[in-house]
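Q: Pasting in a structure now, in structure tokens, and then I'll have a few things to ask.
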Amino acid sequence: MSVPARIVDIRQGTPSIKLFRLDLGGGDFTFLPGQWVDCYANVDGELRVAGYSMTSSPLTTGTIDLAVKLEGDNPVTHFLHERAMVGDMLEVDGGHGNFSYRRGMGDSLVLIGGGIGLTPLMSIIRYVDDAEPEVGVTLVHSARRPSELLFHQQLTEIAERNDNIRCLFTV
């Protein structure tokens with residue numbers, strides 16, 4: 001069942017990735033860290049869909065965060081990058097997918113991702129940092145260029161604050 005979602009913030013995360021915060025308007029929405037949503041948008045009078053991993057922790061209520069890379073020919077992705085504005089309405093349905101983290105899965109995690117593949121890992125790191133700070137996390141994130149290291153500053157700050165989280169970046 002989809003939930004209405006209003007775009008409340010749009011920021012440029014890297015030269016090719018935009019960050020979106022969606023207000024779910026109190027709708028009933030739950031997900032596990034690492035899961036993704038189907039995102040529906042009215043594009044030129046036609047309801048279109050694309051799947052995006054959430055970057056927010058499920059402990060954050062009322063909103064979800066998405067990072068969307070401009071690549072390929074998906075009309076929703078192009079709409080979000082080229083025409084979407086704060087206040088626009090979307091619909092989201094999720095969380096979907098088996099790649100997720102659940103409380104108590106282990107004492108340590110190693111997360112490896114490249115480029116936009118960081119998005120589900122970011123959700124997991126934010127959740128572990130908030131809910132299970134005793135769990136050790138090592139993240140290895142690689143990008144084609146330094147400017148494409150998504151969430152570099154935020155991850156560095158989390159690692160400086162939480163001794164159990166270590167982030168390694170490669171280009």
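Naming works like this for the structure tokens: A, B, ... for the chains as they're shown, residue 1 at the start of each chain, ligands 1 onward in shown order.
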Considering only C-alpha atoms, give me a table of residues in range 41-141 of chain A that are at most 6 Å from range 20-27 of chain A, with the closest atom pair and distance in Å for each, as a tab-separated table.

A:
```
residue	atom	partner	partner_atom	distance
A:Gly62	CA	A:Leu24	CA	5.4
A:Thr63	CA	A:Asp23	CA	4.5
A:Ile64	CA	A:Leu22	CA	5.4
A:Asp65	CA	A:Arg21	CA	4.5
A:Leu66	CA	A:Phe20	CA	5.2
```

Q: Using DSSP secondary structure from the backbone, list all alpha helix (DSSP H) positions within chain A, as a PyMOL selection string.

A: chain A and resi 75-82+119-131+152-161

Q: Selected residues, C-alpha atoms, written as a short mmCIF file (atom, residue, chain, number, x, y, z; two decimals), in the first residue's frame, please.

A:
```cif
data_model
loop_
_atom_site.label_atom_id
_atom_site.label_comp_id
_atom_site.auth_asym_id
_atom_site.auth_seq_id
_atom_site.Cartn_x
_atom_site.Cartn_y
_atom_site.Cartn_z
CA PRO A 75 11.51 8.92 -16.19
CA VAL A 76 11.12 9.22 -12.39
CA THR A 77 14.87 9.70 -11.95
CA HIS A 78 14.92 12.37 -14.65
CA PHE A 79 11.84 14.05 -13.16
CA LEU A 80 13.45 14.17 -9.71
CA HIS A 81 16.70 15.61 -11.05
CA GLU A 82 15.32 18.01 -13.63
CA THR A 119 22.64 4.24 -0.04
CA PRO A 120 21.38 1.09 1.74
CA LEU A 121 24.61 0.96 3.73
CA MET A 122 24.04 4.52 4.95
CA SER A 123 20.67 3.48 6.35
CA ILE A 124 22.33 0.59 8.18
CA ILE A 125 25.13 2.76 9.58
CA ARG A 126 22.70 5.42 10.81
CA TYR A 127 20.55 2.76 12.46
CA VAL A 128 23.48 1.01 14.15
CA ASP A 129 24.89 4.36 15.32
CA ASP A 130 21.51 5.26 16.88
CA ALA A 131 20.27 1.91 18.18
CA HIS A 152 31.82 11.59 3.02
CA GLN A 153 31.60 14.39 5.60
CA GLN A 154 28.69 12.84 7.51
CA LEU A 155 30.35 9.43 7.63
CA THR A 156 33.59 10.99 8.83
CA GLU A 157 31.69 12.77 11.62
CA ILE A 158 29.89 9.57 12.66
CA ALA A 159 33.22 7.68 12.77
CA GLU A 160 34.84 10.44 14.84
CA ARG A 161 31.97 10.37 17.34
#
```

Q: Out of A:Val137, A:Ala41, A:Val86, A:Val171, which residue has the shortest atom-to-atom distance to Asn74 in chain A when counting only C-alpha atoms?

A: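 Residue with the minimum atom-to-atom distance to Asn74 in chain A: A:Ala41.
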
Q: Please determine, counting only C-alpha atoms, which residue among A:Leu47, A:Leu109, A:Ala67, A:Leu150 has the shortest atom-to-atom distance to Thr14 in chain A.

A: A:Leu150

Q: When you count only C-alpha atoms, which of these residues is closest to Cys167 in chain A: A:Pro58, A:Gly136, A:Gly117, A:Gly13?

A: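 Nearest to Cys167 in chain A: A:Gly136.
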
Q: Using only C-alpha atoms, which residue out of A:Gly115, A:Arg144, A:Phe99, A:Leu32 lies closest to Ser57 in chain A?

A: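 With only C-alpha atoms as the atom set, the closest residue is A:Leu32.
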
Q: Go through A:Glu134, A:Asp73, A:Asp38, A:Asp93 one by one, measure the shortest atom-to-atom distance of each to Asp107 in chain A using only C-alpha atoms, and give the residue with the smallest value.

A: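 Ranking A:Glu134, A:Asp73, A:Asp38, A:Asp93 by distance to Asp107 in chain A, first place goes to A:Glu134.
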
Q: Counting only C-alpha atoms, which of A:Met105, A:Val135, A:Met54, A:Leu111 gets nearest to Phe169 in chain A?

A: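 That would be A:Leu111, the residue with the smallest distance to Phe169 in chain A.
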
Q: Can you measure CA of Pro15 in chain A to CA of Glu71 in chain A for me? One decimal in Å is fine.

A: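 Between CA of Pro15 in chain A and CA of Glu71 in chain A the gap works out to 11.8 Å.
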
Q: Report the distance between CA of Leu118 in chain A and CA of Tyr52 in chain A in Å, rounded to one decimal place.

A: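 If I compute the distance from CA of Leu118 in chain A to CA of Tyr52 in chain A, I get 11.6 Å.
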
Q: Could you work out how far CA of Arg6 in chain A lies from CA of Glu46 in chain A, giving the answer in Å with one decimal?

A: 18.1 Å

Q: As a PyMOL selection string, which residues of range 41-97 of chain A does DSSP assign to strand (DSSP E)?

A: chain A and resi 41-43+46-53+63-69+89-96
